[in-house]
Each structure stands twice: as structure tokens, then as C-alpha cells.
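Let me begin by presenting the structure, written as C-alpha cells, before commenting on it.
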Amino acid sequence: MAFTVRIVTADQLANDLQQWRSVKPTLVSDGTAFVAISPTWRIWYAETRAGLQLETSPLPSAGAARAFLMRSGLLR
């Protein structure tokens with residue numbers, strides 16, 4: 001699995017979140033942290049206060065994506 005982590009500006013984060021939401025992901029959390037599983041089973045994570053953004057390559061299934069979120073501590 002490959003992933004990217006970056007710090008982005010508030011404007012860039014808002015733009016990316018709008019794009020992510022537009023493809024109707026499986027929304028896991030949408031508060032201080034936005035956590036979703038894309039239709040191609042990528043994990044999209046954004047910590048809105050710090051501007052931290054994480055995106056993974058596609059995982060084998062939605063179950064694998066949820067397992068990664070639990071095991072990584074991104075989802076509690």
C-alpha cells in the first residue's frame with residue numbers, strides 16, 4: 001500500500017474535501033477529522049484544524065479499508 005501525507009492550506013483542504021465528497025464516498029466521520037472510504041477503496045483522511053491530509057492507494061476491499069482505519073488509530 002502506498003500513501004501520501006501532506007499539510008495543506010485551509011483553502012486547499014476545503015477544495016479537496018469538496019472533491020472527495022462529490023464522488024459519494026462511504027463517510028466514516030465528518031467532524032474535526034474527515035474520514036471516508038472512496039468508491040475504489042482508498043482511504044481519505046483530513047484533520048481540519050491542522051490541515052493534515054492522508055490518502056492511500058486502493059485497498060483490496062471496503063473491509064480492508066475499515067480494518068486499516070481501526071488498526072492505524074485513524075478511527076476510534
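To be explicit about the labels: the chains of the C-alpha cells are called A, B, and onward in the order shown, and within each one the residues are counted from 1, while ligands get numbers from 1 in the order they are shown.
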
Neighbours of Arg49 in chain A within 12 Å (only C-alpha atoms; same-chain residues fewer than 2 positions away dropped), as a list in words?
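Using only C-alpha atoms, the neighbours found are Ile7, Val8, Thr9, Ala10, Leu13, Ala14, Gly31, Thr32, Ala33, Phe34, Ala46, Glu47, Gly51, Leu52 and Gln53 of chain A.
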
Could you write out, as a PyMOL selection string, all the residues of chain A that DSSP marks as strand (DSSP E)?
chain A and resi 3-7+26-30+33-37+43-47+52-56

Got time to write the residues from that selection, N, CA, C and O atoms, as a tab-separated table (two decimals), in the first residue's frame?
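Output file part.tsv is given in full below:
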chain	number	residue	atom	x	y	z
A	3	PHE	N	0.90	5.54	0.29
A	3	PHE	CA	0.08	6.63	0.82
A	3	PHE	C	0.85	7.93	0.74
A	3	PHE	O	2.07	7.94	0.65
A	4	THR	N	0.10	9.02	0.76
A	4	THR	CA	0.69	10.35	0.82
A	4	THR	C	0.14	11.06	2.03
A	4	THR	O	-1.03	10.90	2.39
A	5	VAL	N	1.00	11.82	2.66
A	5	VAL	CA	0.62	12.67	3.79
A	5	VAL	C	1.16	14.05	3.50
A	5	VAL	O	2.32	14.19	3.12
A	6	ARG	N	0.32	15.05	3.68
A	6	ARG	CA	0.78	16.42	3.44
A	6	ARG	C	0.02	17.40	4.31
A	6	ARG	O	-1.08	17.10	4.78
A	7	ILE	N	0.62	18.54	4.49
A	7	ILE	CA	-0.03	19.65	5.18
A	7	ILE	C	-0.44	20.65	4.10
A	7	ILE	O	0.38	21.03	3.26
A	26	THR	N	-17.99	6.41	1.12
A	26	THR	CA	-18.58	5.92	2.36
A	26	THR	C	-18.01	6.78	3.48
A	26	THR	O	-16.82	6.72	3.77
A	27	LEU	N	-18.84	7.60	4.05
A	27	LEU	CA	-18.41	8.54	5.07
A	27	LEU	C	-18.31	7.82	6.41
A	27	LEU	O	-19.27	7.21	6.87
A	28	VAL	N	-17.13	7.90	7.03
A	28	VAL	CA	-16.91	7.25	8.31
A	28	VAL	C	-17.00	8.28	9.44
A	28	VAL	O	-17.56	8.01	10.49
A	29	SER	N	-16.47	9.47	9.21
A	29	SER	CA	-16.51	10.54	10.19
A	29	SER	C	-16.42	11.88	9.46
A	29	SER	O	-15.68	12.00	8.49
A	30	ASP	N	-17.17	12.86	9.95
A	30	ASP	CA	-17.13	14.17	9.32
A	30	ASP	C	-17.25	15.25	10.39
A	30	ASP	O	-18.22	15.97	10.45
A	33	ALA	N	-12.15	15.59	12.21
A	33	ALA	CA	-11.45	14.74	11.24
A	33	ALA	C	-12.47	14.22	10.23
A	33	ALA	O	-13.52	13.72	10.60
A	34	PHE	N	-12.14	14.39	8.97
A	34	PHE	CA	-12.94	13.82	7.89
A	34	PHE	C	-12.31	12.49	7.54
A	34	PHE	O	-11.10	12.41	7.26
A	35	VAL	N	-13.09	11.42	7.60
A	35	VAL	CA	-12.59	10.09	7.27
A	35	VAL	C	-13.60	9.44	6.33
A	35	VAL	O	-14.79	9.37	6.65
A	36	ALA	N	-13.11	8.98	5.18
A	36	ALA	CA	-14.01	8.36	4.21
A	36	ALA	C	-13.27	7.26	3.46
A	36	ALA	O	-12.05	7.25	3.37
A	37	ILE	N	-14.07	6.36	2.89
A	37	ILE	CA	-13.55	5.31	2.02
A	37	ILE	C	-14.13	5.59	0.63
A	37	ILE	O	-15.36	5.65	0.45
A	43	ILE	N	-8.46	5.28	1.25
A	43	ILE	CA	-8.80	5.98	2.50
A	43	ILE	C	-8.48	7.45	2.29
A	43	ILE	O	-7.38	7.80	1.85
A	44	TRP	N	-9.44	8.28	2.63
A	44	TRP	CA	-9.26	9.72	2.60
A	44	TRP	C	-9.41	10.21	4.03
A	44	TRP	O	-10.46	10.01	4.67
A	45	TYR	N	-8.38	10.87	4.54
A	45	TYR	CA	-8.38	11.36	5.91
A	45	TYR	C	-7.90	12.81	5.90
A	45	TYR	O	-6.89	13.13	5.24
A	46	ALA	N	-8.60	13.66	6.61
A	46	ALA	CA	-8.18	15.06	6.74
A	46	ALA	C	-8.46	15.52	8.17
A	46	ALA	O	-9.58	15.37	8.66
A	47	GLU	N	-7.45	16.03	8.81
A	47	GLU	CA	-7.59	16.64	10.14
A	47	GLU	C	-7.69	18.13	9.88
A	47	GLU	O	-6.70	18.78	9.53
A	52	LEU	N	-3.82	18.59	7.99
A	52	LEU	CA	-3.18	17.32	7.65
A	52	LEU	C	-4.10	16.51	6.75
A	52	LEU	O	-5.29	16.38	7.01
A	53	GLN	N	-3.51	15.98	5.70
A	53	GLN	CA	-4.29	15.21	4.74
A	53	GLN	C	-3.54	13.91	4.43
A	53	GLN	O	-2.34	13.93	4.20
A	54	LEU	N	-4.27	12.79	4.43
A	54	LEU	CA	-3.69	11.49	4.11
A	54	LEU	C	-4.58	10.82	3.08
A	54	LEU	O	-5.81	10.86	3.19
A	55	GLU	N	-3.94	10.21	2.09
A	55	GLU	CA	-4.68	9.45	1.08
A	55	GLU	C	-3.88	8.19	0.77
A	55	GLU	O	-2.67	8.24	0.60
A	56	THR	N	-4.58	7.06	0.73
A	56	THR	CA	-3.91	5.79	0.42
A	56	THR	C	-4.18	5.38	-1.02
A	56	THR	O	-5.10	5.89	-1.66

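Counting only C-alpha atoms, the residue from A:Met70, A:Leu17, A:Leu75, A:Leu59 that sits nearest to Ala2 in chain A is A:Leu59.
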
Point-to-point distance from CA of Pro58 in chain A to CA of Trp41 in chain A, Å rounded to tenths:
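For CA of Pro58 in chain A relative to CA of Trp41 in chain A, the distance reads 5.1 Å.
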
With distances taken over only C-alpha atoms, which residue among A:Gln18, A:Thr40, A:Gln12, A:Thr48 lies nearest Ala65 in chain A?
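Of all the options, A:Thr40 lies closest to Ala65 in chain A.
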
Go through chain A and collect every residue that DSSP, computed from the backbone, puts in helix (DSSP H, G or I); the answer should be as a list in words.
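Helix (DSSP H, G or I) assignments inside chain A correspond to Ala10, Asp11, Gln12, Leu13, Ala14, Asn15, Asp16, Leu17, Gln18, Gln19, Trp20, Arg21, Ser22, Ala62, Gly63, Ala64, Ala65, Arg66, Ala67, Phe68, Leu69, Met70, Arg71 and Ser72 of chain A.
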